[in-house]
$ cat work-v4.txt   # compact mmCIF, C-alpha atoms
# COMPACT_ATOMS: atom_id res chain seq x y z
CA MET P 1 -9.72 26.09 2.33
CA ASN P 2 -10.01 26.63 6.07
CA LEU P 3 -8.23 23.68 7.63
CA PRO P 4 -8.20 22.94 11.36
CA PRO P 5 -4.93 23.27 13.30
CA VAL P 6 -3.00 20.02 13.70
CA ILE P 7 -0.96 19.16 16.80
CA SER P 8 1.07 15.98 17.20
CA VAL P 9 1.44 14.27 20.56
CA VAL P 10 4.79 12.49 20.45
CA GLY P 11 7.15 10.70 22.80
CA LYS P 12 9.04 7.48 23.25
CA SER P 13 6.95 4.32 23.46
CA GLY P 14 5.65 3.59 26.92
CA VAL P 15 5.68 7.15 28.25
CA GLY P 16 1.90 7.37 28.36
CA LYS P 17 0.97 9.20 25.16
CA THR P 18 -2.45 7.55 24.90
CA VAL P 19 -3.26 8.15 28.58
CA PHE P 20 -2.39 11.83 28.19
CA LEU P 21 -4.32 12.06 24.93
CA GLU P 22 -7.44 10.57 26.54
CA LYS P 23 -7.33 13.26 29.23
CA LEU P 24 -6.69 16.01 26.68
CA ILE P 25 -9.54 14.91 24.39
CA ALA P 26 -11.98 14.74 27.33
CA GLU P 27 -10.85 18.20 28.49
CA LEU P 28 -11.25 19.73 24.99
CA LYS P 29 -14.63 18.05 24.43
CA GLY P 30 -15.80 19.42 27.78
CA ARG P 31 -15.15 22.89 26.36
CA GLY P 32 -17.31 22.23 23.31
CA ILE P 33 -14.41 21.76 20.90
CA ASN P 34 -14.85 19.23 18.09
CA VAL P 35 -11.76 17.07 17.99
CA ALA P 36 -10.44 14.51 15.55
CA THR P 37 -7.58 12.18 16.36
CA VAL P 38 -5.22 10.52 13.93
CA LYS P 39 -3.27 7.46 15.04
CA HIS P 40 -0.21 6.68 12.98
CA ASP P 41 0.14 2.92 12.83
CA ILE P 42 3.23 1.98 10.85
CA HIS P 43 2.63 -1.74 11.34
CA GLY P 44 -0.80 -1.74 9.72
CA PHE P 45 -3.97 -2.77 11.50
CA ASP P 46 -6.96 -5.04 11.19
CA ILE P 47 -9.96 -3.07 12.14
CA ASP P 48 -12.69 -5.07 10.51
CA ARG P 49 -13.80 -8.44 11.80
CA PRO P 50 -13.36 -11.61 9.79
CA GLY P 51 -16.72 -12.92 8.59
CA LYS P 52 -18.60 -9.60 8.80
CA ASP P 53 -20.21 -8.49 5.52
CA SER P 54 -17.94 -5.44 5.24
CA TRP P 55 -14.86 -7.62 5.79
CA ARG P 56 -16.10 -9.94 3.03
CA HIS P 57 -16.50 -6.95 0.69
CA ALA P 58 -12.89 -5.94 1.34
CA GLN P 59 -11.63 -9.50 0.90
CA ALA P 60 -13.43 -9.72 -2.43
CA GLY P 61 -11.45 -6.70 -3.61
CA SER P 62 -13.45 -3.61 -2.75
CA ASP P 63 -11.12 -0.57 -2.76
CA THR P 64 -13.13 1.37 -0.22
CA VAL P 65 -15.57 -0.17 2.23
CA VAL P 66 -18.09 2.03 4.02
CA ILE P 67 -20.30 0.94 6.88
CA SER P 68 -23.10 3.37 7.57
CA SER P 69 -25.29 3.33 10.66
CA PRO P 70 -27.47 5.96 12.33
CA HIS P 71 -24.80 7.15 14.77
CA LYS P 72 -21.51 6.08 13.23
CA LEU P 73 -19.84 5.91 9.85
CA ALA P 74 -16.71 3.93 9.02
CA VAL P 75 -14.67 4.29 5.84
CA ILE P 76 -11.87 1.80 5.23
CA LYS P 77 -9.70 2.53 2.26
CA ARG P 78 -7.09 0.31 0.67
CA LEU P 79 -4.01 2.33 -0.30
CA ASP P 80 -1.12 1.84 -2.67
CA GLU P 81 0.96 4.20 -0.59
CA GLU P 82 0.48 5.89 2.73
CA MET P 83 -1.62 9.06 2.76
CA THR P 84 0.16 12.13 4.12
CA LEU P 85 -1.23 13.76 7.23
CA ASP P 86 -2.06 16.91 5.22
CA HIS P 87 -3.99 14.86 2.69
CA ILE P 88 -5.92 13.10 5.48
CA VAL P 89 -6.85 16.43 7.06
CA GLU P 90 -7.92 17.93 3.72
CA SER P 91 -9.91 14.86 2.70
CA TYR P 92 -11.60 13.85 5.93
CA LEU P 93 -11.19 16.34 8.74
CA GLN P 94 -12.30 19.74 7.50
CA ASP P 95 -15.36 19.65 9.77
CA VAL P 96 -13.58 19.60 13.15
CA ASP P 97 -12.06 22.43 15.21
CA LEU P 98 -8.80 20.67 16.00
CA VAL P 99 -6.84 17.61 14.90
CA VAL P 100 -4.58 15.86 17.40
CA THR P 101 -2.33 13.09 16.21
CA GLU P 102 -0.74 10.29 18.19
CA GLY P 103 2.60 9.69 16.55
CA TYR P 104 3.96 11.47 13.45
CA LYS P 105 7.09 12.36 15.40
CA SER P 106 9.02 13.04 12.19
CA GLY P 107 6.20 15.13 10.72
CA ALA P 108 6.34 18.90 10.35
CA LYS P 109 3.45 19.73 12.70
CA LEU P 110 3.77 21.50 16.03
CA LYS P 111 4.19 19.00 18.83
CA ILE P 112 3.50 18.20 22.44
CA GLU P 113 6.10 15.81 23.82
CA VAL P 114 5.10 13.40 26.56
CA SER P 115 8.08 12.24 28.63
CA ARG P 116 8.64 10.20 31.78
CA SER P 117 11.91 10.09 33.71
CA GLU P 118 11.56 6.37 34.37
CA ARG P 119 11.57 5.78 30.60
CA SER P 120 14.17 8.34 29.49
CA ARG P 121 15.93 11.55 30.53
CA GLU P 122 16.04 12.76 26.93
CA MET P 123 13.48 14.27 24.62
CA ILE P 124 12.88 13.11 21.05
CA SER P 125 11.76 16.52 19.73
CA SER P 126 13.67 19.68 19.06
CA PRO P 127 12.50 22.59 21.26
CA ARG P 128 11.62 24.76 18.26
CA GLU P 129 8.91 22.36 17.11
CA LEU P 130 7.34 22.05 20.57
CA ILE P 131 4.41 23.97 21.98
CA ALA P 132 4.57 22.12 25.31
CA VAL P 133 6.23 19.32 27.23
CA VAL P 134 4.18 17.09 29.51
CA SER P 135 6.44 15.25 31.93
CA ASP P 136 7.41 14.34 35.49
CA GLN P 137 10.81 15.98 34.89
CA ARG P 138 11.96 19.47 33.89
CA PHE P 139 14.02 20.23 30.81
CA GLU P 140 16.26 23.28 30.38
CA ILE P 141 14.36 24.70 27.45
CA SER P 142 12.09 27.70 27.01
CA VAL P 143 8.95 25.73 26.24
CA PRO P 144 5.92 25.55 28.57
CA GLN P 145 6.13 22.41 30.73
CA PHE P 146 3.30 20.68 32.56
CA GLU P 147 2.72 17.73 34.86
CA LEU P 148 1.61 14.47 33.24
CA ASP P 149 -1.97 14.77 34.50
CA ASN P 150 -2.41 18.47 33.75
CA ALA P 151 -4.41 18.17 30.53
CA ALA P 152 -6.45 21.24 31.57
CA ALA P 153 -3.42 23.53 31.34
CA VAL P 154 -2.47 22.08 27.94
CA ALA P 155 -6.04 22.59 26.73
CA ASP P 156 -5.85 26.23 27.92
CA LEU P 157 -2.66 26.68 25.91
CA ILE P 158 -4.17 25.10 22.79
CA GLU P 159 -7.32 27.21 23.06
CA GLU P 160 -5.29 30.36 23.55
CA ARG P 161 -2.80 29.78 20.76
CA PHE P 162 -4.86 27.96 18.13
CA LEU P 163 -8.59 28.25 18.68
CA ARG P 164 -9.43 31.72 19.98
CA ALA P 165 -9.14 33.29 16.56
CA SER P 166 -11.22 30.75 14.68
CA ARG P 167 -14.03 30.04 17.13
CA ARG P 168 -15.84 31.76 19.93
CA SER P 169 -14.47 30.60 23.25
CA ASN P 170 -16.88 28.94 25.67
CA SER P 171 -15.11 30.24 28.73
CA MET A 172 -18.73 17.18 -9.63
CA ASN A 173 -18.30 13.89 -11.42
CA LEU A 174 -19.76 11.28 -9.09
CA PRO A 175 -19.53 7.53 -9.69
CA PRO A 176 -22.70 5.56 -10.50
CA VAL A 177 -24.35 3.92 -7.48
CA ILE A 178 -26.14 0.57 -7.63
CA SER A 179 -27.90 -1.05 -4.67
CA VAL A 180 -27.94 -4.81 -4.21
CA VAL A 181 -31.14 -5.57 -2.31
CA GLY A 182 -33.23 -8.57 -1.33
CA LYS A 183 -34.83 -10.24 1.65
CA SER A 184 -32.49 -11.35 4.41
CA GLY A 185 -30.93 -14.73 3.86
CA VAL A 186 -31.18 -14.77 0.04
CA GLY A 187 -27.41 -14.49 -0.38
CA LYS A 188 -26.81 -10.79 -1.06
CA THR A 189 -23.30 -10.83 0.38
CA VAL A 190 -22.33 -14.02 -1.47
CA PHE A 191 -23.50 -12.48 -4.74
CA LEU A 192 -21.79 -9.19 -3.95
CA GLU A 193 -18.48 -10.95 -3.28
CA LYS A 194 -18.67 -12.57 -6.72
CA LEU A 195 -19.66 -9.31 -8.38
CA ILE A 196 -16.85 -7.31 -6.72
CA ALA A 197 -14.24 -9.91 -7.69
CA GLU A 198 -15.58 -9.91 -11.27
CA LEU A 199 -15.49 -6.10 -11.53
CA LYS A 200 -12.04 -5.88 -9.96
CA GLY A 201 -10.77 -8.45 -12.44
CA ARG A 202 -11.80 -6.01 -15.19
CA GLY A 203 -9.76 -3.19 -13.62
CA ILE A 204 -12.74 -1.32 -12.20
CA ASN A 205 -12.25 0.50 -8.89
CA VAL A 206 -15.17 -0.40 -6.67
CA ALA A 207 -16.42 0.92 -3.36
CA THR A 208 -19.04 -0.86 -1.29
CA VAL A 209 -21.39 0.66 1.23
CA LYS A 210 -23.04 -1.57 3.82
CA HIS A 211 -26.12 -0.14 5.45
CA ASP A 212 -26.19 -1.31 9.03
CA ILE A 213 -29.29 -0.01 10.76
CA HIS A 214 -28.37 -1.68 14.04
CA GLY A 215 -25.03 0.10 14.43
CA PHE A 216 -21.70 -1.66 14.61
CA ASP A 217 -18.55 -1.90 16.65
CA ILE A 218 -15.67 -1.92 14.31
CA ASP A 219 -12.88 -0.81 16.57
CA ARG A 220 -11.43 -3.08 19.24
CA PRO A 221 -11.75 -2.30 22.93
CA GLY A 222 -8.36 -1.35 24.39
CA LYS A 223 -6.76 -0.28 21.10
CA ASP A 224 -5.44 3.30 21.09
CA SER A 225 -7.94 4.42 18.46
CA TRP A 226 -10.80 2.90 20.49
CA ARG A 227 -9.56 4.80 23.54
CA HIS A 228 -9.51 8.06 21.52
CA ALA A 229 -13.15 7.49 20.55
CA GLN A 230 -14.16 6.60 24.11
CA ALA A 231 -12.52 9.80 25.36
CA GLY A 232 -14.80 11.79 23.05
CA SER A 233 -13.00 12.17 19.74
CA ASP A 234 -15.55 13.03 17.04
CA THR A 235 -13.56 11.47 14.22
CA VAL A 236 -10.90 8.83 14.68
CA VAL A 237 -8.47 8.10 11.87
CA ILE A 238 -6.02 5.22 11.78
CA SER A 239 -3.39 5.63 9.11
CA SER A 240 -1.03 2.89 7.98
CA PRO A 241 1.03 2.37 4.82
CA HIS A 242 -1.59 0.28 3.02
CA LYS A 243 -4.86 1.09 4.73
CA LEU A 244 -6.70 4.08 6.14
CA ALA A 245 -9.70 3.95 8.45
CA VAL A 246 -11.93 6.89 9.33
CA ILE A 247 -14.56 6.40 12.02
CA LYS A 248 -16.94 9.26 12.48
CA ARG A 249 -19.45 9.80 15.26
CA LEU A 250 -22.74 11.14 13.85
CA ASP A 251 -25.71 12.98 15.28
CA GLU A 252 -27.83 11.68 12.46
CA GLU A 253 -27.32 9.15 9.72
CA MET A 254 -25.47 10.37 6.63
CA THR A 255 -27.42 10.00 3.39
CA LEU A 256 -25.98 7.74 0.71
CA ASP A 257 -25.53 10.74 -1.60
CA HIS A 258 -23.58 12.58 1.08
CA ILE A 259 -21.36 9.52 1.67
CA VAL A 260 -20.60 9.25 -2.05
CA GLU A 261 -19.84 12.96 -2.36
CA SER A 262 -17.67 13.04 0.75
CA TYR A 263 -15.73 9.81 0.51
CA LEU A 264 -16.19 7.98 -2.77
CA GLN A 265 -15.42 10.38 -5.59
CA ASP A 266 -12.25 8.48 -6.45
CA VAL A 267 -13.82 5.15 -7.46
CA ASP A 268 -15.44 4.06 -10.75
CA LEU A 269 -18.50 2.45 -9.20
CA VAL A 270 -20.28 2.29 -5.84
CA VAL A 271 -22.24 -0.83 -4.94
CA THR A 272 -24.34 -0.84 -1.80
CA GLU A 273 -25.60 -3.77 0.22
CA GLY A 274 -28.96 -2.69 1.55
CA TYR A 275 -30.62 0.70 1.02
CA LYS A 276 -33.70 -1.07 -0.33
CA SER A 277 -35.86 2.01 0.25
CA GLY A 278 -33.32 4.33 -1.36
CA ALA A 279 -33.76 5.96 -4.76
CA LYS A 280 -30.81 4.25 -6.50
CA LEU A 281 -31.09 1.71 -9.29
CA LYS A 282 -31.14 -1.80 -7.87
CA ILE A 283 -30.20 -5.40 -8.43
CA GLU A 284 -32.52 -7.72 -6.53
CA VAL A 285 -31.19 -11.02 -5.25
CA SER A 286 -33.93 -13.58 -4.72
CA ARG A 287 -34.16 -17.28 -3.87
CA SER A 288 -37.31 -19.39 -4.25
CA GLU A 289 -36.63 -21.24 -1.02
CA ARG A 290 -36.80 -17.93 0.83
CA SER A 291 -39.63 -16.21 -1.02
CA ARG A 292 -41.59 -16.24 -4.29
CA GLU A 293 -41.99 -12.46 -4.21
CA MET A 294 -39.70 -9.56 -4.95
CA ILE A 295 -39.22 -6.56 -2.66
CA SER A 296 -38.44 -4.09 -5.46
CA SER A 297 -40.63 -2.54 -8.09
CA PRO A 298 -39.57 -3.54 -11.65
CA ARG A 299 -39.03 0.10 -12.69
CA GLU A 300 -36.20 0.58 -10.18
CA LEU A 301 -34.43 -2.64 -11.19
CA ILE A 302 -31.59 -3.07 -13.63
CA ALA A 303 -31.41 -6.83 -13.02
CA VAL A 304 -32.74 -9.73 -10.97
CA VAL A 305 -30.41 -12.45 -9.77
CA SER A 306 -32.37 -15.52 -8.78
CA ASP A 307 -33.07 -19.25 -9.10
CA GLN A 308 -36.60 -18.42 -10.24
CA ARG A 309 -38.08 -16.37 -13.10
CA PHE A 310 -40.36 -13.39 -12.64
CA GLU A 311 -42.86 -12.13 -15.24
CA ILE A 312 -41.23 -8.74 -15.65
CA SER A 313 -39.24 -7.14 -18.45
CA VAL A 314 -35.99 -6.84 -16.49
CA PRO A 315 -32.83 -8.84 -17.29
CA GLN A 316 -32.68 -11.95 -15.09
CA PHE A 317 -29.61 -14.02 -14.24
CA GLU A 318 -28.69 -17.14 -12.30
CA LEU A 319 -27.43 -16.63 -8.74
CA ASP A 320 -23.83 -17.42 -9.65
CA ASN A 321 -23.71 -15.43 -12.88
CA ALA A 322 -21.85 -12.37 -11.61
CA ALA A 323 -20.01 -12.13 -14.95
CA ALA A 324 -23.23 -11.40 -16.86
CA VAL A 325 -24.25 -8.78 -14.30
CA ALA A 326 -20.80 -7.18 -14.53
CA ASP A 327 -21.22 -7.07 -18.34
CA LEU A 328 -24.54 -5.29 -17.90
CA ILE A 329 -23.09 -2.78 -15.42
CA GLU A 330 -20.10 -2.06 -17.67
CA GLU A 331 -22.35 -1.62 -20.68
CA ARG A 332 -24.92 0.60 -19.03
CA PHE A 333 -22.87 2.62 -16.54
CA LEU A 334 -19.16 2.51 -17.18
CA ARG A 335 -18.53 2.53 -20.95
CA ALA A 336 -19.15 6.25 -21.22
CA SER A 337 -16.96 7.29 -18.33
CA ARG A 338 -13.98 4.98 -18.66
CA ARG A 339 -12.15 3.08 -21.36
CA SER A 340 -13.20 -0.54 -21.35
CA ASN A 341 -10.52 -3.16 -20.77
CA SER A 342 -12.20 -5.71 -23.00

$ encode --input "work-v4.txt" --output "structure tokens"
Amino acid sequence: MNLPPVISVVGKSGVGKTVFLEKLIAELKGRGINVATVKHDIHGFDIDRPGKDSWRHAQAGSDTVVISSPHKLAVIKRLDEEMTLDHIVESYLQDVDLVVTEGYKSGAKLKIEVSRSERSREMISSPRELIAVVSDQRFEISVPQFELDNAAAVADLIEERFLRASRRSNS
Amino acid sequence: MNLPPVISVVGKSGVGKTVFLEKLIAELKGRGINVATVKHDIHGFDIDRPGKDSWRHAQAGSDTVVISSPHKLAVIKRLDEEMTLDHIVESYLQDVDLVVTEGYKSGAKLKIEVSRSERSREMISSPRELIAVVSDQRFEISVPQFELDNAAAVADLIEERFLRASRRSNS
């Protein structure tokens, strides 16, 4: 099984993880890389809209609800227990070049930590699990560090370390 | 590959397909059958909410967006062309006992037609593709016909014809 590399973007709440991730996704897509994102939502979520047919199917007890349209497919699965990130990647994400997660800070994947001095002077990750830090402050660790808006440099690093071997570079 | 049986609930718009399907799903679930539903939405849909992190990932260009929580998983996939029903079942629905679709009236699966005299006196399916008709009127065809609210009888028929062989009945 040839699974895509998985990188977790982590950081304290409010440091701008989603803003950074938006820039990184756009940068990677611009290079022709197929990207999947996984958002870890420990509080649960309501993605379907009350009253829609698919919502009514789920309410009636359907274990998995699929909505299929010409340009988009949605699969909503009821679970007895949370699926592991590895299981999600194996089951649903084998067709992309790269998986980037938002969250999963206690997971075992390599990480990019987003940090902002205004929010905290400390990191939440251990240096050995980091491939990069994205921040407006410098930390005394031997891990590549980039400015908060420098998604291009992080994309370079990801391409170099994780994607060169498995796909032909566009550059 | 041991794929679950697939049955399509079809009928003209406004005959009550979703209402019937809700009753049928609840009936099947009550018998311990794991059911998936597939809704065919030719017009496309917006399932994710503007402003949510996962929506922002998709807007930034993510090809597949996953939201994972302890009791629910959602996978939203951008497509270049519509996925066939067979491909959907193979990719995402191997773990259920039965797949019921709403729509796919021109597909090659066995069908249950929902019909109401107030809406139309004619059927949209050919008798040879039907396993049952659910209606307030009778048609001169040799296909089992049931009242609109008789989901229990339709569930009996489905269990008998499609599920007895593959799983141990609860009755």

$ interface_residues --input "work-v4.txt" --of "chain A" --to "chain P" --cutoff "7 Å" --atoms "only C-alpha atoms" --output "PyMOL selection string"
chain A and resi 189+193+196-197+200+205-215+218-219+224-225+227-228+231-253

$ atom_distance --input "work-v4.txt" --atom1 "CA of Trp226 in chain A" --atom2 "CA of Ser117 in chain P"
27.2 Å

$ residues_around --input "work-v4.txt" --residues "Arg290 in chain A" --least-positions-apart "5" --cutoff "9 Å" --atoms "all atoms listed in the file" --output "ChimeraX atom specification"
/A:183-186

$ atom_distance --input "work-v4.txt" --atom1 "CA of Pro176 in chain A" --atom2 "CA of Phe333 in chain A"
6.7 Å

$ calpha_fit_and_write --input "work-v4.txt" --fixed "chain P" --moving "chain A" --output "short mmCIF file (atom, residue, chain, number, x, y, z; two decimals) with C-alpha atoms, in the coordinates of the input"
data_model
loop_
_atom_site.label_atom_id
_atom_site.label_comp_id
_atom_site.auth_asym_id
_atom_site.auth_seq_id
_atom_site.Cartn_x
_atom_site.Cartn_y
_atom_site.Cartn_z
CA MET A 172 -9.77 26.08 2.33
CA ASN A 173 -10.03 26.61 6.05
CA LEU A 174 -8.24 23.66 7.62
CA PRO A 175 -8.21 22.93 11.35
CA PRO A 176 -4.94 23.27 13.30
CA VAL A 177 -3.00 20.01 13.71
CA ILE A 178 -0.96 19.16 16.80
CA SER A 179 1.08 15.97 17.20
CA VAL A 180 1.44 14.27 20.57
CA VAL A 181 4.79 12.48 20.45
CA GLY A 182 7.16 10.71 22.81
CA LYS A 183 9.05 7.48 23.26
CA SER A 184 6.96 4.33 23.48
CA GLY A 185 5.65 3.58 26.92
CA VAL A 186 5.69 7.16 28.26
CA GLY A 187 1.89 7.36 28.35
CA LYS A 188 0.97 9.20 25.15
CA THR A 189 -2.45 7.56 24.89
CA VAL A 190 -3.26 8.14 28.57
CA PHE A 191 -2.40 11.82 28.19
CA LEU A 192 -4.32 12.06 24.93
CA GLU A 193 -7.43 10.57 26.53
CA LYS A 194 -7.31 13.26 29.22
CA LEU A 195 -6.67 16.00 26.68
CA ILE A 196 -9.54 14.90 24.39
CA ALA A 197 -11.98 14.72 27.31
CA GLU A 198 -10.84 18.18 28.46
CA LEU A 199 -11.25 19.71 24.99
CA LYS A 200 -14.61 18.04 24.43
CA GLY A 201 -15.81 19.40 27.77
CA ARG A 202 -15.13 22.88 26.37
CA GLY A 203 -17.30 22.21 23.30
CA ILE A 204 -14.40 21.75 20.89
CA ASN A 205 -14.85 19.22 18.07
CA VAL A 206 -11.75 17.07 17.99
CA ALA A 207 -10.43 14.51 15.55
CA THR A 208 -7.57 12.17 16.36
CA VAL A 209 -5.21 10.51 13.93
CA LYS A 210 -3.25 7.46 15.04
CA HIS A 211 -0.21 6.66 12.97
CA ASP A 212 0.15 2.91 12.83
CA ILE A 213 3.23 1.97 10.84
CA HIS A 214 2.63 -1.74 11.33
CA GLY A 215 -0.82 -1.77 9.72
CA PHE A 216 -3.98 -2.80 11.49
CA ASP A 217 -6.99 -5.04 11.19
CA ILE A 218 -9.98 -3.08 12.17
CA ASP A 219 -12.72 -5.04 10.51
CA ARG A 220 -13.84 -8.43 11.80
CA PRO A 221 -13.38 -11.60 9.78
CA GLY A 222 -16.75 -12.91 8.58
CA LYS A 223 -18.61 -9.59 8.80
CA ASP A 224 -20.20 -8.47 5.52
CA SER A 225 -17.95 -5.43 5.23
CA TRP A 226 -14.87 -7.62 5.80
CA ARG A 227 -16.09 -9.93 3.04
CA HIS A 228 -16.51 -6.94 0.68
CA ALA A 229 -12.89 -5.93 1.35
CA GLN A 230 -11.62 -9.49 0.90
CA ALA A 231 -13.44 -9.71 -2.44
CA GLY A 232 -11.45 -6.69 -3.63
CA SER A 233 -13.46 -3.60 -2.75
CA ASP A 234 -11.14 -0.58 -2.77
CA THR A 235 -13.15 1.38 -0.23
CA VAL A 236 -15.56 -0.15 2.24
CA VAL A 237 -18.08 2.04 4.02
CA ILE A 238 -20.29 0.95 6.89
CA SER A 239 -23.09 3.39 7.57
CA SER A 240 -25.28 3.33 10.66
CA PRO A 241 -27.46 5.96 12.35
CA HIS A 242 -24.79 7.14 14.78
CA LYS A 243 -21.51 6.07 13.25
CA LEU A 244 -19.83 5.91 9.86
CA ALA A 245 -16.71 3.94 9.02
CA VAL A 246 -14.68 4.28 5.84
CA ILE A 247 -11.87 1.80 5.22
CA LYS A 248 -9.70 2.53 2.25
CA ARG A 249 -7.10 0.31 0.65
CA LEU A 250 -4.01 2.34 -0.30
CA ASP A 251 -1.12 1.86 -2.69
CA GLU A 252 0.94 4.23 -0.62
CA GLU A 253 0.48 5.90 2.73
CA MET A 254 -1.62 9.06 2.75
CA THR A 255 0.17 12.13 4.10
CA LEU A 256 -1.23 13.76 7.22
CA ASP A 257 -2.05 16.91 5.23
CA HIS A 258 -3.99 14.87 2.69
CA ILE A 259 -5.92 13.10 5.48
CA VAL A 260 -6.86 16.44 7.05
CA GLU A 261 -7.93 17.92 3.72
CA SER A 262 -9.92 14.87 2.70
CA TYR A 263 -11.61 13.84 5.92
CA LEU A 264 -11.19 16.33 8.74
CA GLN A 265 -12.30 19.73 7.50
CA ASP A 266 -15.35 19.64 9.75
CA VAL A 267 -13.58 19.58 13.13
CA ASP A 268 -12.06 22.42 15.20
CA LEU A 269 -8.80 20.67 16.00
CA VAL A 270 -6.83 17.60 14.90
CA VAL A 271 -4.59 15.86 17.40
CA THR A 272 -2.32 13.07 16.22
CA GLU A 273 -0.73 10.29 18.20
CA GLY A 274 2.61 9.67 16.54
CA TYR A 275 3.96 11.45 13.45
CA LYS A 276 7.09 12.36 15.41
CA SER A 277 9.03 13.03 12.20
CA GLY A 278 6.23 15.12 10.72
CA ALA A 279 6.35 18.90 10.34
CA LYS A 280 3.45 19.72 12.70
CA LEU A 281 3.78 21.49 16.03
CA LYS A 282 4.19 18.97 18.83
CA ILE A 283 3.51 18.20 22.44
CA GLU A 284 6.10 15.82 23.84
CA VAL A 285 5.11 13.40 26.56
CA SER A 286 8.07 12.25 28.63
CA ARG A 287 8.64 10.21 31.79
CA SER A 288 11.92 10.10 33.73
CA GLU A 289 11.57 6.39 34.39
CA ARG A 290 11.58 5.79 30.64
CA SER A 291 14.16 8.34 29.50
CA ARG A 292 15.93 11.55 30.55
CA GLU A 293 16.03 12.78 26.95
CA MET A 294 13.48 14.28 24.62
CA ILE A 295 12.89 13.11 21.05
CA SER A 296 11.77 16.51 19.74
CA SER A 297 13.68 19.68 19.07
CA PRO A 298 12.51 22.59 21.29
CA ARG A 299 11.62 24.76 18.26
CA GLU A 300 8.91 22.35 17.11
CA LEU A 301 7.35 22.06 20.57
CA ILE A 302 4.42 23.98 21.97
CA ALA A 303 4.57 22.12 25.30
CA VAL A 304 6.24 19.32 27.24
CA VAL A 305 4.20 17.09 29.50
CA SER A 306 6.45 15.27 31.93
CA ASP A 307 7.43 14.36 35.50
CA GLN A 308 10.81 15.99 34.92
CA ARG A 309 11.96 19.48 33.89
CA PHE A 310 14.02 20.24 30.82
CA GLU A 311 16.27 23.30 30.39
CA ILE A 312 14.35 24.71 27.44
CA SER A 313 12.09 27.72 27.02
CA VAL A 314 8.94 25.73 26.24
CA PRO A 315 5.91 25.55 28.57
CA GLN A 316 6.13 22.42 30.74
CA PHE A 317 3.28 20.68 32.56
CA GLU A 318 2.72 17.73 34.86
CA LEU A 319 1.62 14.47 33.23
CA ASP A 320 -1.95 14.77 34.49
CA ASN A 321 -2.40 18.46 33.74
CA ALA A 322 -4.43 18.16 30.54
CA ALA A 323 -6.46 21.23 31.56
CA ALA A 324 -3.42 23.52 31.36
CA VAL A 325 -2.47 22.09 27.96
CA ALA A 326 -6.04 22.58 26.73
CA ASP A 327 -5.84 26.22 27.92
CA LEU A 328 -2.66 26.67 25.91
CA ILE A 329 -4.16 25.09 22.79
CA GLU A 330 -7.32 27.20 23.05
CA GLU A 331 -5.28 30.35 23.55
CA ARG A 332 -2.81 29.76 20.76
CA PHE A 333 -4.87 27.95 18.12
CA LEU A 334 -8.59 28.22 18.65
CA ARG A 335 -9.43 31.71 19.97
CA ALA A 336 -9.12 33.27 16.54
CA SER A 337 -11.22 30.75 14.69
CA ARG A 338 -14.02 30.04 17.14
CA ARG A 339 -15.84 31.78 19.95
CA SER A 340 -14.51 30.62 23.28
CA ASN A 341 -16.94 28.98 25.68
CA SER A 342 -15.19 30.34 28.75
#

$ residues_around --input "work-v4.txt" --residues "Ser115 in chain P" --least-positions-apart "6" --cutoff "10 Å" --atoms "all atoms listed in the file" --output "ChimeraX atom specification"
/P:10-17,121-124,133-138,147-148

$ residues_near_point --input "work-v4.txt" --point "(-8.0, 23.2, 8.4)" --cutoff "8 Å" --atoms "all atoms listed in the file" --output "PDB file with C-alpha atoms, in the coordinates of the input"
ATOM      1  CA  MET P   1      -9.720  26.090   2.330  1.00  0.00           C
ATOM      2  CA  ASN P   2     -10.010  26.630   6.070  1.00  0.00           C
ATOM      3  CA  LEU P   3      -8.230  23.680   7.630  1.00  0.00           C
ATOM      4  CA  PRO P   4      -8.200  22.940  11.360  1.00  0.00           C
ATOM      5  CA  PRO P   5      -4.930  23.270  13.300  1.00  0.00           C
ATOM      6  CA  VAL P   6      -3.000  20.020  13.700  1.00  0.00           C
ATOM      7  CA  VAL P  89      -6.850  16.430   7.060  1.00  0.00           C
ATOM      8  CA  GLU P  90      -7.920  17.930   3.720  1.00  0.00           C
ATOM      9  CA  LEU P  93     -11.190  16.340   8.740  1.00  0.00           C
ATOM     10  CA  GLN P  94     -12.300  19.740   7.500  1.00  0.00           C
ATOM     11  CA  ASP P  97     -12.060  22.430  15.210  1.00  0.00           C
TER      12      ASP P  97
END

$ atom_distance --input "work-v4.txt" --atom1 "CA of Ile141 in chain P" --atom2 "CA of Asp156 in chain P"
20.3 Å
